[in-house]
$ cat structure-v1.cif   # mmCIF, C-alpha atoms (C1' of nucleotides)
data_data
loop_
_atom_site.group_PDB
_atom_site.id
_atom_site.type_symbol
_atom_site.label_atom_id
_atom_site.label_comp_id
_atom_site.auth_asym_id
_atom_site.auth_seq_id
_atom_site.Cartn_x
_atom_site.Cartn_y
_atom_site.Cartn_z
ATOM 1 C CA MET R 24 -14.096 -2.074 23.766
ATOM 2 C CA ASN R 25 -11.434 -3.230 26.260
ATOM 3 C CA SER R 26 -9.813 -2.746 29.638
ATOM 4 C CA LYS R 27 -8.168 0.502 28.638
ATOM 5 C CA ASN R 28 -11.183 2.135 27.024
ATOM 6 C CA ILE R 29 -9.433 2.277 23.712
ATOM 7 C CA LYS R 30 -11.450 1.947 20.529
ATOM 8 C CA LEU R 31 -10.183 -0.305 17.784
ATOM 9 C CA ILE R 32 -11.087 -0.025 14.142
ATOM 10 C CA ASP R 33 -13.416 -2.889 13.344
ATOM 11 C CA GLN R 34 -12.527 -5.628 10.906
ATOM 12 C CA LYS R 35 -14.767 -4.549 8.034
ATOM 13 C CA MET R 36 -13.624 -0.969 8.181
ATOM 14 C CA LEU R 37 -10.063 -2.156 8.306
ATOM 15 C CA LEU R 38 -10.506 -4.250 5.194
ATOM 16 C CA GLU R 39 -12.221 -1.506 3.270
ATOM 17 C CA THR R 40 -9.604 1.012 4.332
ATOM 18 C CA GLN R 41 -6.848 -1.301 3.282
ATOM 19 C CA LYS R 42 -8.457 -1.787 -0.093
ATOM 20 C CA ILE R 43 -8.715 1.931 -0.742
ATOM 21 C CA LEU R 44 -5.223 2.737 0.427
ATOM 22 C CA SER R 45 -3.698 -0.127 -1.519
ATOM 23 C CA LEU R 46 -5.283 1.215 -4.645
ATOM 24 C CA LEU R 47 -4.082 4.736 -3.980
ATOM 25 C CA LYS R 48 -0.625 3.768 -2.927
ATOM 26 C CA ASN R 49 0.475 2.760 -6.395
ATOM 27 C CA PRO R 50 2.064 5.704 -8.244
ATOM 28 C CA VAL R 51 0.688 4.723 -11.635
ATOM 29 C CA ARG R 52 -2.836 4.479 -10.294
ATOM 30 C CA LEU R 53 -2.444 7.736 -8.410
ATOM 31 C CA GLN R 54 -1.397 9.493 -11.592
ATOM 32 C CA ILE R 55 -4.285 7.950 -13.476
ATOM 33 C CA LEU R 56 -6.777 9.160 -10.883
ATOM 34 C CA HIS R 57 -5.209 12.592 -10.856
ATOM 35 C CA ILE R 58 -5.339 12.740 -14.644
ATOM 36 C CA LEU R 59 -8.941 11.591 -14.819
ATOM 37 C CA SER R 60 -9.919 14.123 -12.196
ATOM 38 C CA GLN R 61 -9.052 16.744 -14.789
ATOM 39 C CA LYS R 62 -10.582 15.185 -17.864
ATOM 40 C CA SER R 63 -12.068 11.957 -19.188
ATOM 41 C CA LEU R 64 -9.586 10.370 -21.534
ATOM 42 C CA ARG R 65 -8.946 7.404 -23.789
ATOM 43 C CA VAL R 66 -6.596 4.650 -22.733
ATOM 44 C CA SER R 67 -4.148 5.698 -25.420
ATOM 45 C CA ASP R 68 -4.140 9.260 -24.044
ATOM 46 C CA ILE R 69 -3.195 8.012 -20.618
ATOM 47 C CA VAL R 70 -0.525 5.782 -22.101
ATOM 48 C CA GLU R 71 0.912 8.777 -23.896
ATOM 49 C CA LEU R 72 0.738 11.112 -20.922
ATOM 50 C CA LEU R 73 2.463 8.696 -18.597
ATOM 51 C CA ASN R 74 4.708 7.193 -21.215
ATOM 52 C CA LEU R 75 4.181 3.648 -20.021
ATOM 53 C CA ASP R 76 3.212 0.369 -21.659
ATOM 54 C CA GLN R 77 -0.339 0.118 -22.860
ATOM 55 C CA SER R 78 -0.602 -3.214 -21.152
ATOM 56 C CA LEU R 79 0.453 -1.792 -17.824
ATOM 57 C CA ILE R 80 -2.058 1.022 -18.027
ATOM 58 C CA SER R 81 -4.812 -1.429 -18.906
ATOM 59 C CA HIS R 82 -3.953 -3.599 -15.950
ATOM 60 C CA HIS R 83 -4.160 -0.662 -13.601
ATOM 61 C CA LEU R 84 -7.371 0.616 -15.146
ATOM 62 C CA SER R 85 -8.825 -2.795 -14.651
ATOM 63 C CA GLU R 86 -7.938 -2.682 -10.961
ATOM 64 C CA LEU R 87 -9.498 0.742 -10.609
ATOM 65 C CA ARG R 88 -12.601 -0.434 -12.447
ATOM 66 C CA LYS R 89 -12.856 -3.498 -10.269
ATOM 67 C CA TYR R 90 -13.214 -1.262 -7.231
ATOM 68 C CA GLN R 91 -15.438 1.179 -9.063
ATOM 69 C CA LEU R 92 -13.122 4.119 -8.810
ATOM 70 C CA VAL R 93 -13.347 4.642 -12.549
ATOM 71 C CA SER R 94 -15.753 3.611 -15.287
ATOM 72 C CA ALA R 95 -15.321 3.033 -18.996
ATOM 73 C CA LYS R 96 -17.435 3.776 -22.015
ATOM 74 C CA ARG R 97 -16.756 3.262 -25.668
ATOM 75 C CA ASP R 98 -16.859 6.066 -28.211
ATOM 76 C CA GLY R 99 -16.012 4.951 -31.718
ATOM 77 C CA LYS R 100 -12.863 2.945 -31.656
ATOM 78 C CA SER R 101 -11.619 4.147 -28.313
ATOM 79 C CA ILE R 102 -12.641 3.607 -24.770
ATOM 80 C CA TYR R 103 -12.952 6.581 -22.512
ATOM 81 C CA TYR R 104 -12.348 6.390 -18.813
ATOM 82 C CA GLU R 105 -13.741 8.700 -16.220
ATOM 83 C CA LEU R 106 -13.716 9.016 -12.459
ATOM 84 C CA ASP R 107 -16.584 7.127 -10.982
ATOM 85 C CA ASP R 108 -16.032 8.053 -7.378
ATOM 86 C CA PRO R 109 -15.141 11.709 -6.923
ATOM 87 C CA HIS R 110 -15.158 11.188 -3.189
ATOM 88 C CA ILE R 111 -11.896 9.325 -3.481
ATOM 89 C CA LEU R 112 -10.304 12.597 -4.516
ATOM 90 C CA ASP R 113 -10.743 13.890 -1.010
ATOM 91 C CA ILE R 114 -8.316 11.295 0.185
ATOM 92 C CA VAL R 115 -5.945 11.841 -2.710
ATOM 93 C CA ASN R 116 -5.937 15.584 -2.147
ATOM 94 C CA GLU R 117 -5.561 15.296 1.575
ATOM 95 C CA THR R 118 -2.546 13.103 0.986
ATOM 96 C CA LEU R 119 -1.021 15.314 -1.679
ATOM 97 C CA GLU R 120 -1.396 18.253 0.669
ATOM 98 C CA HIS R 121 0.322 16.333 3.390
ATOM 99 C CA ALA R 122 3.124 15.355 1.027
ATOM 100 C CA ASN R 123 3.464 18.972 0.060
ATOM 101 C CA HIS R 124 3.762 20.011 3.679
ATOM 102 C CA VAL R 125 6.422 17.460 4.383
ATOM 103 C CA LEU R 126 8.367 18.470 1.296
ATOM 104 C CA HIS R 127 8.094 22.234 1.538
ATOM 105 C CA GLY R 128 5.784 23.538 4.228
ATOM 106 C CA LYS R 129 7.897 22.179 6.975
ATOM 107 C CA LYS R 130 7.998 19.225 9.255
ATOM 108 C CA HIS R 131 6.236 19.692 12.574
ATOM 109 C CA ASP R 132 9.458 19.363 14.555
ATOM 110 C CA GLU R 133 11.712 21.703 12.640
ATOM 111 C CA MET W 25 2.672 20.308 -18.688
ATOM 112 C CA ASN W 26 1.830 18.593 -21.996
ATOM 113 C CA SER W 27 -0.154 18.681 -25.204
ATOM 114 C CA LYS W 28 -3.437 18.078 -23.450
ATOM 115 C CA ASN W 29 -3.012 20.597 -20.671
ATOM 116 C CA ILE W 30 -3.153 17.894 -18.082
ATOM 117 C CA LYS W 31 -1.150 18.273 -14.887
ATOM 118 C CA LEU W 32 0.818 15.329 -13.599
ATOM 119 C CA ILE W 33 1.882 14.798 -10.023
ATOM 120 C CA ASP W 34 5.600 15.446 -9.848
ATOM 121 C CA GLN W 35 8.095 12.777 -8.922
ATOM 122 C CA LYS W 36 8.908 13.973 -5.406
ATOM 123 C CA MET W 37 5.284 14.362 -4.453
ATOM 124 C CA LEU W 38 4.610 10.945 -5.857
ATOM 125 C CA LEU W 39 7.331 9.376 -3.754
ATOM 126 C CA GLU W 40 6.239 11.121 -0.591
ATOM 127 C CA THR W 41 2.623 10.217 -1.210
ATOM 128 C CA GLN W 42 3.537 6.624 -1.797
ATOM 129 C CA LYS W 43 5.501 6.563 1.432
ATOM 130 C CA ILE W 44 2.594 7.892 3.466
ATOM 131 C CA LEU W 45 0.010 5.641 1.897
ATOM 132 C CA SER W 46 2.195 2.571 2.210
ATOM 133 C CA LEU W 47 2.524 3.240 5.890
ATOM 134 C CA LEU W 48 -1.196 3.735 6.329
ATOM 135 C CA LYS W 49 -2.220 0.839 4.174
ATOM 136 C CA ASN W 50 -1.064 -1.776 6.653
ATOM 137 C CA PRO W 51 -3.875 -2.769 9.033
ATOM 138 C CA VAL W 52 -1.588 -3.264 12.021
ATOM 139 C CA ARG W 53 -0.048 0.160 11.568
ATOM 140 C CA LEU W 54 -3.449 1.703 11.040
ATOM 141 C CA GLN W 55 -4.667 0.232 14.307
ATOM 142 C CA ILE W 56 -1.553 1.417 16.090
ATOM 143 C CA LEU W 57 -2.026 4.956 14.839
ATOM 144 C CA HIS W 58 -5.677 4.875 15.740
ATOM 145 C CA ILE W 59 -4.839 3.599 19.207
ATOM 146 C CA LEU W 60 -2.136 6.168 19.796
ATOM 147 C CA SER W 61 -4.444 8.930 18.649
ATOM 148 C CA GLN W 62 -6.471 8.139 21.761
ATOM 149 C CA LYS W 63 -3.682 7.692 24.270
ATOM 150 C CA SER W 64 0.070 7.268 24.555
ATOM 151 C CA LEU W 65 0.810 3.696 25.456
ATOM 152 C CA ARG W 66 3.575 1.201 26.159
ATOM 153 C CA VAL W 67 4.550 -1.392 23.600
ATOM 154 C CA SER W 68 3.145 -4.119 25.801
ATOM 155 C CA ASP W 69 -0.199 -2.305 25.968
ATOM 156 C CA ILE W 70 -0.414 -2.247 22.196
ATOM 157 C CA VAL W 71 0.573 -5.896 22.031
ATOM 158 C CA GLU W 72 -2.205 -6.724 24.433
ATOM 159 C CA LEU W 73 -4.817 -4.567 22.709
ATOM 160 C CA LEU W 74 -4.146 -6.022 19.296
ATOM 161 C CA ASN W 75 -3.287 -9.485 20.513
ATOM 162 C CA LEU W 76 -0.329 -9.855 18.198
ATOM 163 C CA ASP W 77 3.301 -10.861 18.635
ATOM 164 C CA GLN W 78 5.472 -8.406 20.487
ATOM 165 C CA SER W 79 8.004 -8.739 17.723
ATOM 166 C CA LEU W 80 5.504 -7.818 15.068
ATOM 167 C CA ILE W 81 4.362 -4.745 16.929
ATOM 168 C CA SER W 82 7.944 -3.644 17.435
ATOM 169 C CA HIS W 83 8.638 -4.027 13.745
ATOM 170 C CA HIS W 84 5.707 -1.854 12.852
ATOM 171 C CA LEU W 85 6.519 0.717 15.494
ATOM 172 C CA SER W 86 9.991 0.899 14.102
ATOM 173 C CA GLU W 87 8.600 1.628 10.638
ATOM 174 C CA LEU W 88 6.344 4.319 12.015
ATOM 175 C CA ARG W 89 9.234 5.819 13.939
ATOM 176 C CA LYS W 90 11.441 5.762 10.879
ATOM 177 C CA TYR W 91 8.984 8.049 9.125
ATOM 178 C CA GLN W 92 8.381 10.122 12.223
ATOM 179 C CA LEU W 93 4.745 9.296 12.563
ATOM 180 C CA VAL W 94 5.284 8.255 16.156
ATOM 181 C CA SER W 95 7.949 8.880 18.772
ATOM 182 C CA ALA W 96 9.131 6.887 21.751
ATOM 183 C CA LYS W 97 10.193 7.777 25.239
ATOM 184 C CA ARG W 98 11.192 5.635 28.136
ATOM 185 C CA ASP W 99 9.465 5.765 31.494
ATOM 186 C CA GLY W 100 10.836 3.291 33.997
ATOM 187 C CA LYS W 101 11.083 -0.093 32.422
ATOM 188 C CA SER W 102 8.664 0.558 29.617
ATOM 189 C CA ILE W 103 8.770 2.584 26.469
ATOM 190 C CA TYR W 104 5.856 4.799 25.695
ATOM 191 C CA TYR W 105 4.832 5.627 22.165
ATOM 192 C CA GLU W 106 2.911 8.655 21.074
ATOM 193 C CA LEU W 107 1.729 10.191 17.825
ATOM 194 C CA ASP W 108 4.341 12.521 16.484
ATOM 195 C CA ASP W 109 2.424 13.767 13.479
ATOM 196 C CA PRO W 110 -1.217 14.506 14.257
ATOM 197 C CA HIS W 111 -1.654 15.774 10.724
ATOM 198 C CA ILE W 112 -1.528 12.214 9.489
ATOM 199 C CA LEU W 113 -4.798 11.639 11.287
ATOM 200 C CA ASP W 114 -6.544 13.817 8.742
ATOM 201 C CA ILE W 115 -5.734 11.261 6.100
ATOM 202 C CA VAL W 116 -6.638 8.354 8.340
ATOM 203 C CA ASN W 117 -9.953 9.912 9.248
ATOM 204 C CA GLU W 118 -10.775 10.893 5.715
ATOM 205 C CA THR W 119 -10.172 7.305 4.696
ATOM 206 C CA LEU W 120 -12.136 5.792 7.552
ATOM 207 C CA GLU W 121 -15.017 8.061 6.656
ATOM 208 C CA HIS W 122 -14.828 6.936 3.092
ATOM 209 C CA ALA W 123 -14.752 3.306 4.157
ATOM 210 C CA ASN W 124 -17.758 3.959 6.302
ATOM 211 C CA HIS W 125 -19.632 5.426 3.382
ATOM 212 C CA VAL W 126 -18.866 2.522 1.156
ATOM 213 C CA LEU W 127 -19.900 0.057 3.837
ATOM 214 C CA HIS W 128 -23.066 1.710 5.085
ATOM 215 C CA GLY W 129 -23.777 5.104 3.601
ATOM 216 C CA LYS W 130 -24.171 3.580 0.200
ATOM 217 C CA LYS W 131 -22.225 3.495 -2.991
ATOM 218 C CA HIS W 132 -22.722 6.443 -5.285
ATOM 219 C CA ASP W 133 -24.402 4.330 -7.980
ATOM 220 C CA GLU W 134 -26.892 2.394 -5.924
ATOM 221 C "C1'" DA F 24 28.219 -5.864 39.114
ATOM 222 C "C1'" DG F 25 24.665 -9.314 37.919
ATOM 223 C "C1'" DT F 26 20.020 -10.294 36.835
ATOM 224 C "C1'" DT F 27 15.691 -9.296 35.032
ATOM 225 C "C1'" DC F 28 12.395 -7.400 32.213
ATOM 226 C "C1'" DA F 29 10.655 -4.798 28.164
ATOM 227 C "C1'" DT F 30 11.661 -3.857 23.735
ATOM 228 C "C1'" DA F 31 14.483 -4.200 19.414
ATOM 229 C "C1'" DT F 32 16.821 -6.581 15.830
ATOM 230 C "C1'" DT F 33 18.244 -10.171 12.430
ATOM 231 C "C1'" DA F 34 17.413 -13.591 9.345
ATOM 232 C "C1'" DA F 35 14.544 -16.679 6.902
ATOM 233 C "C1'" DC F 36 10.267 -17.631 4.917
ATOM 234 C "C1'" DT F 37 5.987 -16.551 2.651
ATOM 235 C "C1'" DT F 38 2.815 -13.936 0.419
ATOM 236 C "C1'" DC F 39 1.418 -10.177 -2.317
ATOM 237 C "C1'" DC F 40 2.312 -6.528 -6.131
ATOM 238 C "C1'" DT F 41 4.106 -4.901 -10.141
ATOM 239 C "C1'" DT F 42 5.731 -5.269 -14.616
ATOM 240 C "C1'" DT F 43 6.536 -7.501 -19.029
ATOM 241 C "C1'" DC F 44 5.620 -10.260 -22.939
ATOM 242 C "C1'" DA F 45 2.733 -12.588 -25.796
ATOM 243 C "C1'" DT F 46 -1.649 -13.101 -27.263
ATOM 244 C "C1'" DA F 47 -6.873 -12.604 -27.246
ATOM 245 C "C1'" DT F 48 -11.006 -9.920 -27.964
ATOM 246 C "C1'" DG F 49 -14.270 -7.497 -30.180
ATOM 247 C "C1'" DA F 50 -16.178 -3.255 -32.117
ATOM 248 C "C1'" DA F 51 -15.516 -0.538 -36.226
ATOM 249 C "C1'" DT F 52 -14.597 0.114 -40.793
ATOM 250 C "C1'" DA F 53 -13.436 -1.469 -45.608
ATOM 251 C "C1'" DT K 11 -17.326 -10.968 -43.627
ATOM 252 C "C1'" DA K 12 -12.403 -9.905 -43.407
ATOM 253 C "C1'" DT K 13 -9.338 -6.778 -41.578
ATOM 254 C "C1'" DT K 14 -7.726 -3.412 -38.583
ATOM 255 C "C1'" DC K 15 -7.213 -0.938 -34.570
ATOM 256 C "C1'" DA K 16 -7.661 -0.085 -29.551
ATOM 257 C "C1'" DT K 17 -7.881 -2.256 -25.475
ATOM 258 C "C1'" DA K 18 -7.889 -6.357 -22.387
ATOM 259 C "C1'" DT K 19 -6.120 -10.538 -20.513
ATOM 260 C "C1'" DG K 20 -3.116 -14.545 -18.844
ATOM 261 C "C1'" DA K 21 0.971 -16.245 -17.382
ATOM 262 C "C1'" DA K 22 5.541 -15.774 -15.774
ATOM 263 C "C1'" DA K 23 9.291 -13.365 -13.468
ATOM 264 C "C1'" DG K 24 11.181 -10.257 -10.211
ATOM 265 C "C1'" DG K 25 10.870 -7.450 -6.264
ATOM 266 C "C1'" DA K 26 8.756 -5.596 -2.085
ATOM 267 C "C1'" DA K 27 6.287 -6.171 2.177
ATOM 268 C "C1'" DG K 28 4.583 -8.877 6.139
ATOM 269 C "C1'" DT K 29 5.213 -12.424 9.541
ATOM 270 C "C1'" DT K 30 7.639 -15.521 12.621
ATOM 271 C "C1'" DA K 31 11.199 -17.388 15.509
ATOM 272 C "C1'" DA K 32 15.275 -16.840 17.761
ATOM 273 C "C1'" DT K 33 18.250 -13.894 19.866
ATOM 274 C "C1'" DA K 34 20.344 -9.327 21.232
ATOM 275 C "C1'" DT K 35 20.208 -5.068 23.833
ATOM 276 C "C1'" DG K 36 20.281 -2.178 27.474
ATOM 277 C "C1'" DA K 37 18.071 0.333 31.235
ATOM 278 C "C1'" DA K 38 16.379 -0.700 35.867
ATOM 279 C "C1'" DC K 39 16.431 -2.841 39.986
ATOM 280 C "C1'" DT K 40 18.835 -6.111 43.386
#

$ encode --input "structure-v1.cif" --output "structure tokens"
Amino acid sequence: MNSKNIKLIDQKMLLETQKILSLLKNPVRLQILHILSQKSLRVSDIVELLNLDQSLISHHLSELRKYQLVSAKRDGKSIYYELDDPHILDIVNETLEHANHVLHGKKHDE
Amino acid sequence: MNSKNIKLIDQKMLLETQKILSLLKNPVRLQILHILSQKSLRVSDIVELLNLDQSLISHHLSELRKYQLVSAKRDGKSIYYELDDPHILDIVNETLEHANHVLHGKKHDE
DNA sequence: AGTTCATATTAACTTCCTTTCATATGAATA
DNA sequence: TATTCATATGAAAGGAAGTTAATATGAACT
């Protein structure tokens, strides 16, 4: 601890936390996670829903795969993605709720 | 909605969410929030606890202030900072818990 | 009023992230 | 086995975020 009895977040936790939040921070990845929380879909479906370059979507899916937030499996010609870590949704939802509060609910000091 | 009955996160929510997560993603800011959740402190206290440049801490405090996550008040020569949005801690804690799971608990597929 | 002390600010530099474009891969079908 | 179709990858470019160093600010005490 330290002279003021204040607890710091330890290095490993900090790194892991950073990793998660960096992944979630990106709006494309957030949408992808939100989409996949509703239904497993093909890459081309996601491309269509978000109306973005296939290449961009693939890059982001690859990031999400790398950290095991989603997983892929082939079916025929397409590859389907699904959420691989439902727990992550807790954070997403908590944050969306917060955003909603700030936007509508009302700021704490108003 | 759309042809697949999938809900997307709307633009405003996305922006707000991004803002929050960007703020939380930074390890220095995370530590600061975690510290201030335990006790209101002077800038110099935070500098000492984290052992980082005073300038750097001030920069980050200014960011946090800008988004009203913390507030400042003078007392004598020093300026004390305190959490201004305890709700944000829900997200921080949710994320720390998640990090903890990943690190110790155990990944979902192991 | 002048000095000191704590904090804030500006500017420059560096590093990291995102996006795009071009191309590769590789399973599926002909 | 040659071709096609869906997805993945590499490299480059542009922009955003983090850090540092130097300096400014301004309240508090003399």

$ atom_distance --input "structure-v1.cif" --atom1 "C1' of DT42 (chain F)" --atom2 "CA of Leu73 (chain R)"
14.9 Å

$ residues_around --input "structure-v1.cif" --residues "DC36 (chain F)" --least-positions-apart "4" --cutoff "12 Å" --atoms "all atoms listed in the file" --output "ChimeraX atom specification"
/K:28-31

$ residues_around --input "structure-v1.cif" --residues "region 24-30 of chain F" --least-positions-apart "2" --cutoff "8 Å" --atoms "only C-alpha atoms (C1' of nucleotides)" --output "PyMOL selection string"
(chain W and resi 67-68+82+101-103) or (chain K and resi 40)

$ atom_distance --input "structure-v1.cif" --atom1 "CA of Asp107 (chain R)" --atom2 "CA of Ser63 (chain R)"
10.5 Å

$ resolve_selection --input "structure-v1.cif" --expression "the PyMOL selection byres ((chain F) within 10 of (chain R))" --output "count of residues only"
8

$ interface_residues --input "structure-v1.cif" --of "chain W" --to "chain R" --cutoff "7 Å" --atoms "all atoms listed in the file" --output "compact mmCIF listing (two decimals) with C-alpha atoms, in the coordinates of the input"
# COMPACT_ATOMS: atom_id res chain seq x y z
CA ILE W 30 -3.15 17.89 -18.08
CA LYS W 31 -1.15 18.27 -14.89
CA LEU W 32 0.82 15.33 -13.60
CA ILE W 33 1.88 14.80 -10.02
CA MET W 37 5.28 14.36 -4.45
CA LEU W 38 4.61 10.94 -5.86
CA GLU W 40 6.24 11.12 -0.59
CA THR W 41 2.62 10.22 -1.21
CA GLN W 42 3.54 6.62 -1.80
CA LEU W 45 0.01 5.64 1.90
CA SER W 46 2.19 2.57 2.21
CA LYS W 49 -2.22 0.84 4.17
CA ASN W 50 -1.06 -1.78 6.65
CA PRO W 51 -3.88 -2.77 9.03
CA GLN W 55 -4.67 0.23 14.31
CA ILE W 59 -4.84 3.60 19.21
CA GLN W 62 -6.47 8.14 21.76
CA ILE W 115 -5.73 11.26 6.10
CA GLU W 118 -10.78 10.89 5.72
CA THR W 119 -10.17 7.30 4.70
CA LEU W 120 -12.14 5.79 7.55
CA ALA W 123 -14.75 3.31 4.16
CA ASN W 124 -17.76 3.96 6.30

$ axis_aligned_box --input "structure-v1.cif" --around "region 28-44 of chain F" --padding-each-side "6 Å" --output "lines of an AutoDock Vina configuration file"
center_x = 9.8
center_y = -10.7
center_z = 4.6
size_x = 28.8
size_y = 25.8
size_z = 67.2

$ closest_atom_pairs --input "structure-v1.cif" --of "chain K" --to "chain R" --cutoff "9 Å" --atoms "only C-alpha atoms (C1' of nucleotides)" --output "tab-separated table"
residue	atom	partner	partner_atom	distance
K:DC15	C1'	R:Lys100	CA	7.4
K:DA16	C1'	R:Ser101	CA	5.9
K:DT17	C1'	R:Ser81	CA	7.3
K:DA18	C1'	R:Ser81	CA	6.8
K:DT19	C1'	R:His82	CA	8.6

$ resolve_selection --input "structure-v1.cif" --expression "the PyMOL selection byres ((chain K and resi 13) around 9)" --output "PyMOL selection string"
(chain F and resi 52-53) or (chain K and resi 12+14)

$ atom_distance --input "structure-v1.cif" --atom1 "CA of Leu88 (chain W)" --atom2 "CA of Arg53 (chain W)"
7.6 Å

$ resolve_selection --input "structure-v1.cif" --expression "the PyMOL selection byres ((chain K and resi 35) around 8)" --output "short mmCIF file (atom, residue, chain, number, x, y, z; two decimals) with C-alpha atoms (C1' of nucleotides), keeping the file's coordinate frame"
data_model
loop_
_atom_site.label_atom_id
_atom_site.label_comp_id
_atom_site.auth_asym_id
_atom_site.auth_seq_id
_atom_site.Cartn_x
_atom_site.Cartn_y
_atom_site.Cartn_z
"C1'" DA F 31 14.48 -4.20 19.41
"C1'" DA K 34 20.34 -9.33 21.23
"C1'" DG K 36 20.28 -2.18 27.47
#

$ build_atoms --input "structure-v1.cif" --residues "region 77-88 of chain W" --atoms "N, CA, C and O atoms" --output "PDB file, in the coordinates of the input"
ATOM      1  N   ASP W  77       1.935 -10.674  18.133  1.00  0.00           N
ATOM      2  CA  ASP W  77       3.301 -10.861  18.635  1.00  0.00           C
ATOM      3  C   ASP W  77       3.993  -9.551  18.979  1.00  0.00           C
ATOM      4  O   ASP W  77       3.919  -8.583  18.228  1.00  0.00           O
ATOM      5  N   GLN W  78       4.711  -9.584  20.084  1.00  0.00           N
ATOM      6  CA  GLN W  78       5.472  -8.406  20.487  1.00  0.00           C
ATOM      7  C   GLN W  78       6.443  -8.005  19.387  1.00  0.00           C
ATOM      8  O   GLN W  78       6.605  -6.825  19.070  1.00  0.00           O
ATOM      9  N   SER W  79       7.031  -8.994  18.772  1.00  0.00           N
ATOM     10  CA  SER W  79       8.004  -8.739  17.723  1.00  0.00           C
ATOM     11  C   SER W  79       7.384  -8.007  16.534  1.00  0.00           C
ATOM     12  O   SER W  79       7.968  -7.074  15.977  1.00  0.00           O
ATOM     13  N   LEU W  80       6.198  -8.445  16.193  1.00  0.00           N
ATOM     14  CA  LEU W  80       5.504  -7.818  15.068  1.00  0.00           C
ATOM     15  C   LEU W  80       5.185  -6.360  15.359  1.00  0.00           C
ATOM     16  O   LEU W  80       5.416  -5.476  14.529  1.00  0.00           O
ATOM     17  N   ILE W  81       4.681  -6.121  16.549  1.00  0.00           N
ATOM     18  CA  ILE W  81       4.362  -4.745  16.929  1.00  0.00           C
ATOM     19  C   ILE W  81       5.619  -3.878  16.911  1.00  0.00           C
ATOM     20  O   ILE W  81       5.613  -2.754  16.399  1.00  0.00           O
ATOM     21  N   SER W  82       6.697  -4.406  17.434  1.00  0.00           N
ATOM     22  CA  SER W  82       7.944  -3.644  17.435  1.00  0.00           C
ATOM     23  C   SER W  82       8.404  -3.316  16.023  1.00  0.00           C
ATOM     24  O   SER W  82       8.896  -2.217  15.760  1.00  0.00           O
ATOM     25  N   HIS W  83       8.265  -4.285  15.137  1.00  0.00           N
ATOM     26  CA  HIS W  83       8.638  -4.027  13.745  1.00  0.00           C
ATOM     27  C   HIS W  83       7.845  -2.862  13.169  1.00  0.00           C
ATOM     28  O   HIS W  83       8.404  -1.969  12.548  1.00  0.00           O
ATOM     29  N   HIS W  84       6.552  -2.896  13.419  1.00  0.00           N
ATOM     30  CA  HIS W  84       5.707  -1.854  12.852  1.00  0.00           C
ATOM     31  C   HIS W  84       5.969  -0.507  13.517  1.00  0.00           C
ATOM     32  O   HIS W  84       5.968   0.528  12.860  1.00  0.00           O
ATOM     33  N   LEU W  85       6.200  -0.537  14.813  1.00  0.00           N
ATOM     34  CA  LEU W  85       6.519   0.717  15.494  1.00  0.00           C
ATOM     35  C   LEU W  85       7.814   1.305  14.935  1.00  0.00           C
ATOM     36  O   LEU W  85       7.943   2.522  14.773  1.00  0.00           O
ATOM     37  N   SER W  86       8.722   0.434  14.643  1.00  0.00           N
ATOM     38  CA  SER W  86       9.991   0.899  14.102  1.00  0.00           C
ATOM     39  C   SER W  86       9.804   1.576  12.733  1.00  0.00           C
ATOM     40  O   SER W  86      10.425   2.601  12.429  1.00  0.00           O
ATOM     41  N   GLU W  87       8.933   1.003  11.925  1.00  0.00           N
ATOM     42  CA  GLU W  87       8.600   1.628  10.638  1.00  0.00           C
ATOM     43  C   GLU W  87       7.987   3.014  10.849  1.00  0.00           C
ATOM     44  O   GLU W  87       8.352   3.978  10.193  1.00  0.00           O
ATOM     45  N   LEU W  88       7.045   3.060  11.770  1.00  0.00           N
ATOM     46  CA  LEU W  88       6.344   4.319  12.015  1.00  0.00           C
ATOM     47  C   LEU W  88       7.300   5.375  12.572  1.00  0.00           C
ATOM     48  O   LEU W  88       7.185   6.559  12.260  1.00  0.00           O
TER      49      LEU W  88
END
